[in-house]
Amino acid sequence: MTDTVESEQQGADDDRSTGLRERRLAAHRGARRVLARFGFHLTLRERLAVLDAAQDVHDLDEPSDLYGDGVVEALETKVAGLLGTEAAVFFPTGTMAQQVALRCWAGRTGNRTVAVHALSHPEVHERNAFSEVGGLRPVRVTSEPRLPTAAEVRDFEEPFGALMLELPLRDAGFVLPSWEELTEVVAAARERDAVVHFDGARLWESTVHFGRSLEEIAGLADSVYVSFYKSLEAFGGAALAGPRTLVEEAKAWRHRYGGQVFQQFPTALSVLVGLERELPRLPEYVAQARVVAAALREGFAVAGMPWARVYPEVPHTHDFQVWLPCEAGVAADAAVRAAEETGVVLFGSGWEQGGPGLAYTEVHVRAAGLEWTAEDVRTAVADFVARLSPERVG
């Protein structure tokens, strides 16, 4: 799980005691071939080099930003234009952005209940922030490894003021519904007089699966949150986009939450660079992820592990899961040793225990992954399987 520091922390539980996480990161930094290199893999000097391109995306001779003006306002305008919304507001974190968005909607609808998926980010990764900080009441529409269906939303037994949909649903395998399913779910929520908020942390790369533009996708919802570092490789930050009146109210709550930071120009500039450099390449990464996924399936079958699973079988984005019939620690050890001994990192993320004798990890494909051929993937699979302990693999 290497696309964020947060996911690194999640995947480290199994290997922290044996030092595997540190070895894994060291192997990744020194590897000659990886599927993805993220910001936290790099040195401070390398990260700062991102700003070398800032002069190509913004006028560096204008005054620096103060409390959200200047380059931050320019970024907000650009994001609103990309998503086709009236306005957008910059937030230092997505956790803050979504809490603010949903408490604003709660005030407008008069209902503090938010319908969510049991695997949604606020339910799994935010320490009950909706209820503990925002005073909201989350209810779980479903816990199935897919987005909620229109019937589940329409027939849910409790009233709710807002429906939050995570697109894609990361903890279910970065999965997305079909465009038809998504429009039906949104319609079902509207039938219940509920607003719809998209947790679009990874919305940027969803256009390929939906076959729709960002503007069309965002246009289904009443508000949308997008992350700036998960796919755009910025230093951090997020945006909440929607009606201008909602955005203005969100700015007030941003201040109250401590999110009106004195200066944000390094982050804002890195986002503008990411929008210029990475956003146009995301469809290319998605296409390559599908090549990698197919080669993984072939490689495991040839290596004598036909039970191995890639999920989704055809990735919906440039991220997906791999499941193996072994303990997480066994897979983690084999992955690290393969990386150290071959200089090739096939599985750069931590491994999680998915059940008795079941382990899974996340695979991320970015610019570095474009260099891989299907044969490269199959060879790396063979190297990995050769290092699994046979007596500990089911």
# chains A, B, ... in the order shown; residues from 1 in each chain; ligands from 1
$ residues_around --residues "A:Ala87" --least-positions-apart "6" --cutoff "9 Å" --atoms "only C-alpha atoms" --output "PyMOL selection string"
chain A and resi 76-77+79-81+240-248
$ residues_around --residues "stretch 146-154 of chain A" --least-positions-apart "5" --cutoff "8 Å" --atoms "only C-alpha atoms" --output "list in words"
His117, Val141, Leu165, Glu166, Leu169, Ala172, Val175, Leu176, Pro177, Glu181, Glu184, Val185, Val186, Ala187, Ala188, Ala189, Glu191 and Arg192 of chain A
$ write_last_selection --atoms "C-alpha atoms" --output "tab-separated table (two decimals), in the first residue's frame"
chain	number	residue	atom	x	y	z
A	117	HIS	CA	-20.06	2.32	2.75
A	141	VAL	CA	-25.54	1.14	3.55
A	165	LEU	CA	-19.84	7.61	-2.42
A	166	GLU	CA	-16.11	6.87	-2.56
A	169	LEU	CA	-13.70	2.45	-3.33
A	172	ALA	CA	-12.58	-2.92	-1.79
A	175	VAL	CA	-13.49	-0.57	-7.58
A	176	LEU	CA	-16.01	1.56	-9.45
A	177	PRO	CA	-19.60	0.94	-10.51
A	181	GLU	CA	-25.13	1.98	-11.89
A	184	GLU	CA	-29.06	5.02	-10.73
A	185	VAL	CA	-27.57	5.25	-7.23
A	186	VAL	CA	-27.50	9.04	-7.40
A	187	ALA	CA	-31.11	9.07	-8.59
A	188	ALA	CA	-32.13	6.78	-5.72
A	189	ALA	CA	-30.57	9.16	-3.19
A	191	GLU	CA	-35.64	10.25	-4.54
A	192	ARG	CA	-35.05	10.30	-0.79
$ select_by_dssp --residues "stretch 32-144 of chain A" --states "strand (DSSP E or B)" --output "count of residues only"
18
$ closest_residue --among "A:Val314, A:Ala106, A:Ala301, A:Leu163" --to "A:Ala221" --atoms "only C-alpha atoms"
A:Leu163
$ atom_distance --atom1 "atom CA of A:Glu276" --atom2 "atom CA of A:Ala367"
14.4 Å
$ residues_around --residues "A:Arg202" --least-positions-apart "2" --cutoff "7 Å" --atoms "only C-alpha atoms" --output "VMD selection string"
chain A and resid 167 to 168 200 204 to 205 226 to 227 230 to 231
$ write_last_selection --atoms "N, CA and C atoms" --output "PDB file, in the first residue's frame"
ATOM      1  N   LEU A 167     -15.261   7.122  -4.813  1.00  0.00           N
ATOM      2  CA  LEU A 167     -14.996   6.745  -6.206  1.00  0.00           C
ATOM      3  C   LEU A 167     -13.520   6.931  -6.537  1.00  0.00           C
ATOM      4  N   PRO A 168     -12.768   5.850  -6.736  1.00  0.00           N
ATOM      5  CA  PRO A 168     -13.132   4.451  -6.527  1.00  0.00           C
ATOM      6  C   PRO A 168     -13.083   4.083  -5.054  1.00  0.00           C
ATOM      7  N   GLY A 200     -13.958  11.795  -3.929  1.00  0.00           N
ATOM      8  CA  GLY A 200     -13.220  11.576  -5.173  1.00  0.00           C
ATOM      9  C   GLY A 200     -11.730  11.711  -4.983  1.00  0.00           C
ATOM     10  N   TRP A 204      -9.632  11.497 -10.292  1.00  0.00           N
ATOM     11  CA  TRP A 204      -8.886  11.890 -11.483  1.00  0.00           C
ATOM     12  C   TRP A 204      -8.709  10.732 -12.463  1.00  0.00           C
ATOM     13  N   GLU A 205      -8.441   9.527 -11.953  1.00  0.00           N
ATOM     14  CA  GLU A 205      -8.142   8.397 -12.830  1.00  0.00           C
ATOM     15  C   GLU A 205      -9.361   7.548 -13.157  1.00  0.00           C
ATOM     16  N   VAL A 226     -11.552  16.118  -3.983  1.00  0.00           N
ATOM     17  CA  VAL A 226     -10.458  15.485  -4.725  1.00  0.00           C
ATOM     18  C   VAL A 226      -9.160  15.677  -3.953  1.00  0.00           C
ATOM     19  N   SER A 227      -8.309  14.664  -4.048  1.00  0.00           N
ATOM     20  CA  SER A 227      -6.991  14.727  -3.418  1.00  0.00           C
ATOM     21  C   SER A 227      -5.966  15.206  -4.434  1.00  0.00           C
ATOM     22  N   LYS A 230      -2.486  11.832  -4.120  1.00  0.00           N
ATOM     23  CA  LYS A 230      -2.601  10.398  -4.354  1.00  0.00           C
ATOM     24  C   LYS A 230      -2.274  10.010  -5.795  1.00  0.00           C
ATOM     25  N   SER A 231      -2.703  10.822  -6.750  1.00  0.00           N
ATOM     26  CA  SER A 231      -2.419  10.510  -8.151  1.00  0.00           C
ATOM     27  C   SER A 231      -1.640  11.609  -8.851  1.00  0.00           C
TER      28      SER A 231
END
$ closest_residue --among "A:Arg277, A:Val365, A:Arg212, A:Phe38" --to "A:Glu180" --atoms "only C-alpha atoms"
A:Arg212
$ residues_around --residues "stretch 371-382 of chain A" --least-positions-apart "3" --cutoff "12 Å" --atoms "only C-alpha atoms" --output "ChimeraX atom specification"
/A:32-36,284-285,288-305,308,322,331,334-335,337-339,341-347,365-368,385-388
$ write_last_selection --atoms "N, CA and C atoms" --output "short mmCIF file (atom, residue, chain, number, x, y, z; two decimals), in the first residue's frame"
data_model
loop_
_atom_site.label_atom_id
_atom_site.label_comp_id
_atom_site.auth_asym_id
_atom_site.auth_seq_id
_atom_site.Cartn_x
_atom_site.Cartn_y
_atom_site.Cartn_z
N ARG A 32 16.35 -0.94 -9.45
CA ARG A 32 16.51 -0.49 -10.85
C ARG A 32 15.18 -0.50 -11.58
N ARG A 33 14.21 -1.22 -11.05
CA ARG A 33 12.90 -1.27 -11.72
C ARG A 33 11.80 -1.40 -10.66
N VAL A 34 10.82 -0.50 -10.75
CA VAL A 34 9.66 -0.52 -9.86
C VAL A 34 8.42 -0.21 -10.71
N LEU A 35 7.26 -0.51 -10.17
CA LEU A 35 6.02 -0.18 -10.87
C LEU A 35 5.56 1.24 -10.57
N ALA A 36 6.02 1.78 -9.44
CA ALA A 36 5.64 3.15 -9.09
C ALA A 36 6.64 3.72 -8.10
N GLU A 284 -2.99 6.60 -19.47
CA GLU A 284 -1.88 5.74 -19.87
C GLU A 284 -1.51 4.78 -18.74
N TYR A 285 -1.52 5.28 -17.51
CA TYR A 285 -1.22 4.43 -16.36
C TYR A 285 -2.30 3.36 -16.18
N GLN A 288 -1.77 0.63 -18.68
CA GLN A 288 -0.63 -0.22 -18.32
C GLN A 288 -0.96 -1.10 -17.12
N ALA A 289 -1.77 -0.61 -16.20
CA ALA A 289 -2.17 -1.43 -15.05
C ALA A 289 -2.90 -2.68 -15.51
N ARG A 290 -3.67 -2.56 -16.58
CA ARG A 290 -4.39 -3.72 -17.10
C ARG A 290 -3.43 -4.72 -17.73
N VAL A 291 -2.37 -4.23 -18.35
CA VAL A 291 -1.34 -5.12 -18.88
C VAL A 291 -0.64 -5.85 -17.74
N VAL A 292 -0.29 -5.11 -16.70
CA VAL A 292 0.39 -5.70 -15.55
C VAL A 292 -0.50 -6.73 -14.87
N ALA A 293 -1.78 -6.42 -14.70
CA ALA A 293 -2.70 -7.34 -14.04
C ALA A 293 -2.82 -8.65 -14.81
N ALA A 294 -2.95 -8.57 -16.12
CA ALA A 294 -3.06 -9.78 -16.93
C ALA A 294 -1.78 -10.61 -16.83
N ALA A 295 -0.63 -9.95 -16.85
CA ALA A 295 0.64 -10.67 -16.77
C ALA A 295 0.83 -11.30 -15.39
N LEU A 296 0.34 -10.65 -14.35
CA LEU A 296 0.40 -11.23 -13.01
C LEU A 296 -0.39 -12.54 -12.97
N ARG A 297 -1.60 -12.51 -13.51
CA ARG A 297 -2.42 -13.73 -13.51
C ARG A 297 -1.71 -14.86 -14.27
N GLU A 298 -1.17 -14.53 -15.42
CA GLU A 298 -0.45 -15.53 -16.22
C GLU A 298 0.77 -16.04 -15.47
N GLY A 299 1.51 -15.13 -14.85
CA GLY A 299 2.73 -15.51 -14.14
C GLY A 299 2.45 -16.44 -12.98
N PHE A 300 1.42 -16.16 -12.21
CA PHE A 300 1.10 -17.02 -11.07
C PHE A 300 0.62 -18.39 -11.53
N ALA A 301 -0.14 -18.44 -12.62
CA ALA A 301 -0.61 -19.72 -13.14
C ALA A 301 0.57 -20.58 -13.59
N VAL A 302 1.52 -19.98 -14.31
CA VAL A 302 2.70 -20.71 -14.77
C VAL A 302 3.55 -21.17 -13.60
N ALA A 303 3.61 -20.35 -12.55
CA ALA A 303 4.44 -20.66 -11.38
C ALA A 303 3.79 -21.68 -10.45
N GLY A 304 2.60 -22.16 -10.80
CA GLY A 304 1.95 -23.17 -9.99
C GLY A 304 1.08 -22.64 -8.87
N MET A 305 0.65 -21.37 -9.00
CA MET A 305 -0.26 -20.79 -8.00
C MET A 305 -1.53 -20.32 -8.70
N ALA A 308 -4.06 -17.76 -7.07
CA ALA A 308 -3.76 -16.33 -6.91
C ALA A 308 -4.80 -15.50 -7.65
N VAL A 322 -3.86 -7.75 -5.17
CA VAL A 322 -3.45 -9.11 -5.45
C VAL A 322 -3.64 -9.93 -4.19
N ALA A 331 4.31 -13.71 2.49
CA ALA A 331 4.35 -12.93 1.26
C ALA A 331 5.25 -11.71 1.40
N ALA A 334 8.93 -12.75 1.23
CA ALA A 334 9.32 -13.13 -0.13
C ALA A 334 9.45 -11.90 -1.02
N ALA A 335 8.53 -10.96 -0.88
CA ALA A 335 8.57 -9.76 -1.70
C ALA A 335 9.83 -8.94 -1.43
N ARG A 337 12.74 -10.03 -0.10
CA ARG A 337 13.94 -10.74 -0.55
C ARG A 337 14.08 -10.70 -2.07
N ALA A 338 12.98 -10.82 -2.77
CA ALA A 338 13.04 -10.73 -4.23
C ALA A 338 13.54 -9.35 -4.67
N ALA A 339 13.05 -8.31 -4.00
CA ALA A 339 13.47 -6.94 -4.35
C ALA A 339 14.94 -6.73 -4.05
N GLU A 341 17.33 -9.00 -3.83
CA GLU A 341 18.23 -9.88 -4.57
C GLU A 341 18.21 -9.67 -6.07
N THR A 342 17.13 -9.10 -6.59
CA THR A 342 17.03 -8.90 -8.05
C THR A 342 17.07 -7.43 -8.46
N GLY A 343 16.83 -6.52 -7.51
CA GLY A 343 16.77 -5.11 -7.86
C GLY A 343 15.50 -4.73 -8.57
N VAL A 344 14.53 -5.64 -8.56
CA VAL A 344 13.23 -5.42 -9.20
C VAL A 344 12.15 -5.51 -8.15
N VAL A 345 11.32 -4.48 -8.04
CA VAL A 345 10.25 -4.46 -7.04
C VAL A 345 8.91 -4.70 -7.73
N LEU A 346 8.37 -5.88 -7.53
CA LEU A 346 7.05 -6.19 -8.06
C LEU A 346 5.97 -5.76 -7.09
N PHE A 347 6.15 -6.10 -5.82
CA PHE A 347 5.19 -5.73 -4.77
C PHE A 347 5.88 -4.77 -3.81
N VAL A 365 0.46 1.34 -10.37
CA VAL A 365 1.22 1.54 -11.61
C VAL A 365 1.26 3.03 -11.93
N ARG A 366 2.46 3.56 -12.03
CA ARG A 366 2.65 4.96 -12.38
C ARG A 366 3.66 5.06 -13.52
N ALA A 367 4.31 6.19 -13.65
CA ALA A 367 5.21 6.41 -14.79
C ALA A 367 6.30 5.35 -14.87
N ALA A 368 6.88 4.98 -13.73
CA ALA A 368 7.94 3.98 -13.74
C ALA A 368 7.45 2.64 -14.27
N VAL A 385 7.68 -15.97 -6.48
CA VAL A 385 7.15 -17.27 -6.06
C VAL A 385 8.27 -18.20 -5.62
N ALA A 386 9.42 -18.11 -6.26
CA ALA A 386 10.55 -18.96 -5.90
C ALA A 386 11.02 -18.72 -4.48
N ARG A 387 10.69 -17.56 -3.92
CA ARG A 387 11.13 -17.22 -2.57
C ARG A 387 10.05 -17.44 -1.51
N LEU A 388 8.86 -17.85 -1.93
CA LEU A 388 7.83 -18.21 -0.96
C LEU A 388 8.20 -19.52 -0.29
#
$ select_by_dssp --residues "stretch 95-188 of chain A" --states "alpha helix (DSSP H)" --output "VMD selection string"
chain A and resid 95 to 109 121 to 125 129 to 132 150 to 155 179 to 188
